[in-house]
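Student: Here it is, the structure in full.
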Amino acid sequence: MTGTRYIFFTGGVVSSVGKGVTAAATGRLLKERGFNVAIQKLDPYINVDPGTMSPYQHGEVYVLDDGAECDLDLGHYERFIDIRLNRACNATTGQVYAEVIAKERRGDYLGGTIQVIPHITNEIKKRIATVAKSTGADIVLVEVGGTVGDIEGQPFLEAIRQLRSDLGRENTLFVHVTWLPFIGANGELKTKPTQHSVRDLRSLGISPDMIIARSDSPVDEELIGKIALFCDVEKRAVIPLPTVPVLYEVPLILENAGVADYIIQRLNLEAPHLPDWTEWKALVEQVKKTKPTVKVALIGKYVELHDAYMSVAEALKHAGIQSGVEVDIQWLHSSDLEMGKGMDILKQCDGVLVPGGFGGRGIEGKIIAICFARENKVPYLGLCLGMQLMVVEFGRYILKDESANSTEFDLHTVHPVIDLMDDQIDITDKGGTMRLGLYPCVLQPGTQAAHAYQVDAIQERHRHRFEFNNAYREVLGQNGMVFSGLSPDGKLVEIAELKDHPFMVGTQFHPEFLSRPNHPHPLFTAFITAVCARAGLGEAL
Ligand code: GLN
């Protein structure tokens with residue numbers, strides 16, 4: 001194979017039609033054939049990264065091995081393709097402008113007027129090229145965030161237009177993902193918005209090679225023909241993609257529709273081997289099968305927006321698939337628990353999970369749920385903030401002092417059981433300054449954590465500023481808390497758990513980012529196993 005091939009994904013008509021999942025699934029098709037695939041998201045917003053955005057605006061912040069704080073689509077990419085991405089795989093307008101302006105200040109363009117074309121577009125192209133360089137991928141898939149017509153997206157579209165001229169038609173492919181609205185009154189799917197969005201794309205100099213037409217109902221041959229005709233795309237390259245309840249089915253749908261064959265032919269590629277979908281099909285079958293249900297309460301402060309906890313929900317699902325159960329997540333608002341609401345739902349659950357979070361709102365509600373899990377021996381998994389609050393709750397109980405806290409929420413508490421990390425003390429900037437990315441952790445033999453992982457040492461992804469305060473290790477340790485995962489120098493508590501409890505484990509890191517549909521994360525599996533046992537399903541499975 002000669003040079004790197006590029007597949008660009010743009011979106012038309014409306015946002016949130018699953019462009020990220022489509023790109024991720026396409027990546028899987030190519031990986032299944034033995035290609036070395038990488039995938040990048042170009043985000044048109046002006047933030048440098050989503051790390052400082054509210055989850056209400058943006059959904060979850062996904063963290064990579066190298067500590068990059070990314071769009072949640074990177075999570076879809078990693079889960080579907082089962083690869084590990086790097087910082088280069090998410091570029092934003094903010095990063096592009098910050099770089100160009102820094103160069104201007106250094107004098108790199110002395111004498112020149114800095115313009116969107118060519119300076120901004122060149123920086124975008126450089127960032128696209130970095131993905132192939134840093135990963136050695138044969139094929140790079142690039143998803144342009146937003147929808148055609150968005151003002152912010154224009155420099156990205158111009159950059160990919162130029163890349164087709166730079167690299168040649170034989171090395172580039174444009175896939176446009178659109179939406180076919182259903183008009184209930186006459187029971188019809190409409191192609192007109194797709195035609196318009198293709199026209200908009202053309203006016204920017206991009207002619208799509210493939211159209212993925214998303215819809216809520218099946219698309220018939222006639223409609224496919226119509227889209228092909230009006231949008232000037234080969235009929236076999238118009239791919240209907242109806243909404244499916246199981247996201248992991250999307251690669252199979254695209255495979256059956258001949259997407260990979262078309263791409264391979266169009267880009268003059270030779271697949272190293274044939275795809276083997278046996279494992280993936282079994283996974284989808286297992287998801288679809290009717291299974292006993294277990295209820296897990298997820299206590300958060302953004303629970304109205306499930307996207308804010310995307311990877312946690314997926315990791316629970318993965319563990320459920322492996323354990324042969326349907327995990328029914330009961331989304332509980334921590335502020336509701338503070339007002340005495342939701343306890344009835346909590347009591348019906350066989351597991352409690354408190355995910356990551358920042359800021360004081362709803363903290364006491366999470367503590368109520370943790371106290372409930374400890375006292376009633378309900379399996380508990382605490383992730384990052386969920387681990388810190390498990391320590392706060394246990395601290396209050398053992399120290400007999402309700403004011404024990406994390407200094408994130410009470411700077412002057414008498415018992416700061418969770419405190420700011422030493423190397424965070426002088427940091428004032430909020431963006432990209434937490435303890436981020438992969439760090440090693442040594443597991444203590446004989447603990448729940450070591451039992452779950454079945455290895456002595458692990459590496460997990462982090463995103464936090466606060467940590468367990470070692471001044472409390474002795475007293476909490478003597479009273480039933482086990483520090484089952486430590487940094488190799490023994491200084492940082494990475495995992496805490498409780499003795500005399502079926503499963504009460506908290507991690508300073510975020511295991512959810514490393515869970516894959518075909519390889520559930522060991523801690524999630526251990527948690528769901530405990531949940532099943534509590535639900536009386538242990539023996540049946
Ligand atoms: N707010 C806590 C900290 O900064 C927890 C962060 C998180 O849950 N990701 O340490």
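Just remember, in the structure tokens the first chain shown is A, the second B, etc., residues are 1-based per chain, and ligands are 1-based in the order shown.
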Counting only C-alpha atoms and all ligand atoms, which residues of chain A sit at most 9 Å from some atom of ligand 1, and what is each one's closest atom pair with its distance in Å to one decimal, listed by chain and rising residue number, as CSV?

Tutor:
residue,atom,partner,partner_atom_place_in_ligand_line,distance
A:Pro355,CA,ligand 1,8 (O),6.6
A:Gly356,CA,ligand 1,8 (O),3.0
A:Gly357,CA,ligand 1,8 (O),4.1
A:Phe358,CA,ligand 1,1 (N),4.0
A:Gly359,CA,ligand 1,1 (N),6.4
A:Gly360,CA,ligand 1,1 (N),9.0
A:Leu383,CA,ligand 1,8 (O),6.6
A:Cys384,CA,ligand 1,8 (O),4.2
A:Leu385,CA,ligand 1,8 (O),3.8
A:Gly386,CA,ligand 1,8 (O),6.8
A:Met387,CA,ligand 1,8 (O),8.3
A:Gln388,CA,ligand 1,5 (C),7.3
A:Ser406,CA,ligand 1,2 (C),8.9
A:Glu408,CA,ligand 1,1 (N),6.9
A:Ile418,CA,ligand 1,10 (O),8.6
A:Asp419,CA,ligand 1,10 (O),8.4
A:Leu420,CA,ligand 1,10 (O),7.5
A:Met421,CA,ligand 1,10 (O),8.4
A:Met434,CA,ligand 1,4 (O),7.3
A:Arg435,CA,ligand 1,10 (O),8.6
A:His462,CA,ligand 1,9 (N),7.4
A:Arg463,CA,ligand 1,9 (N),4.9
A:His464,CA,ligand 1,10 (O),3.7
A:Arg465,CA,ligand 1,4 (O),3.9
A:Phe466,CA,ligand 1,10 (O),3.6
A:Glu467,CA,ligand 1,10 (O),6.1
A:Gln508,CA,ligand 1,8 (O),7.9
A:Phe509,CA,ligand 1,9 (N),7.8
A:His510,CA,ligand 1,9 (N),7.6

Student: Region 20-32 of chain A: which residues within 6 Å, counting only C-alpha atoms, same-chain residues fewer than 6 positions away excluded, as a PyMOL selection string?

Tutor: chain A and resi 73+77+80-81+251+275

Student: Residues of region 249-383 of chain A classed as strand (DSSP E) by DSSP on the backbone are to be reported as an NGL selection string.

Tutor: :A and (293-300 or 326-333 or 351-354 or 380-383)

Student: Could you pull out the alpha helix (DSSP H) residues of region 397-503 of chain A from DSSP and send them as a PyMOL selection string?

Tutor: chain A and resi 397-399+448-453+473-478

Student: Using only C-alpha atoms, pick whichever of A:Glu78, A:Asp65, A:Asp307, A:Asp276 has the shortest atom-to-atom distance to Gln40 (chain A).

Tutor: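 Checking each candidate against Gln40 (chain A), we get A:Glu78 as the closest.
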
Student: Just to confirm, what's the straight-line distance from CA of Lys235 (chain A) to CA of Val177 (chain A) in Å (one decimal)?

Tutor: 15.2 Å

Student: Just the number, please: distance in Å from CA of Val352 (chain A) to CA of Ala369 (chain A), one decimal.

Tutor: 7.4 Å

Student: Taking only C-alpha atoms into account, produce a table as CSV in which each residue of region 249-270 of chain A with an atom at most 12 Å from an atom of region 122-140 of chain A appears once, together with its shortest atom pair and the distance in Å to one decimal, ordered by chain and rising number.

Tutor:
residue,atom,partner,partner_atom,distance
A:Ile263,CA,A:Ile139,CA,10.7
A:Ile264,CA,A:Ile139,CA,10.5
A:Leu267,CA,A:Ile139,CA,9.9
A:Asn268,CA,A:Ile139,CA,11.9
A:Leu269,CA,A:Asp138,CA,9.9
A:Glu270,CA,A:Asp138,CA,11.2

Student: Would you write out those residues with C-alpha atoms, as a PDB file, in the first residue's frame?

Tutor:
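Wrote it out as selection_26.pdb, contents follow:
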ATOM      1  CA  ILE A 263     -14.291   2.083   0.462  1.00  0.00           C
ATOM      2  CA  ILE A 264     -11.639  -0.503  -0.338  1.00  0.00           C
ATOM      3  CA  LEU A 267      -9.348   3.880  -2.339  1.00  0.00           C
ATOM      4  CA  ASN A 268      -7.571   1.170  -4.289  1.00  0.00           C
ATOM      5  CA  LEU A 269      -6.750  -0.830  -1.217  1.00  0.00           C
ATOM      6  CA  GLU A 270      -6.057  -4.469  -0.669  1.00  0.00           C
TER       7      GLU A 270
END
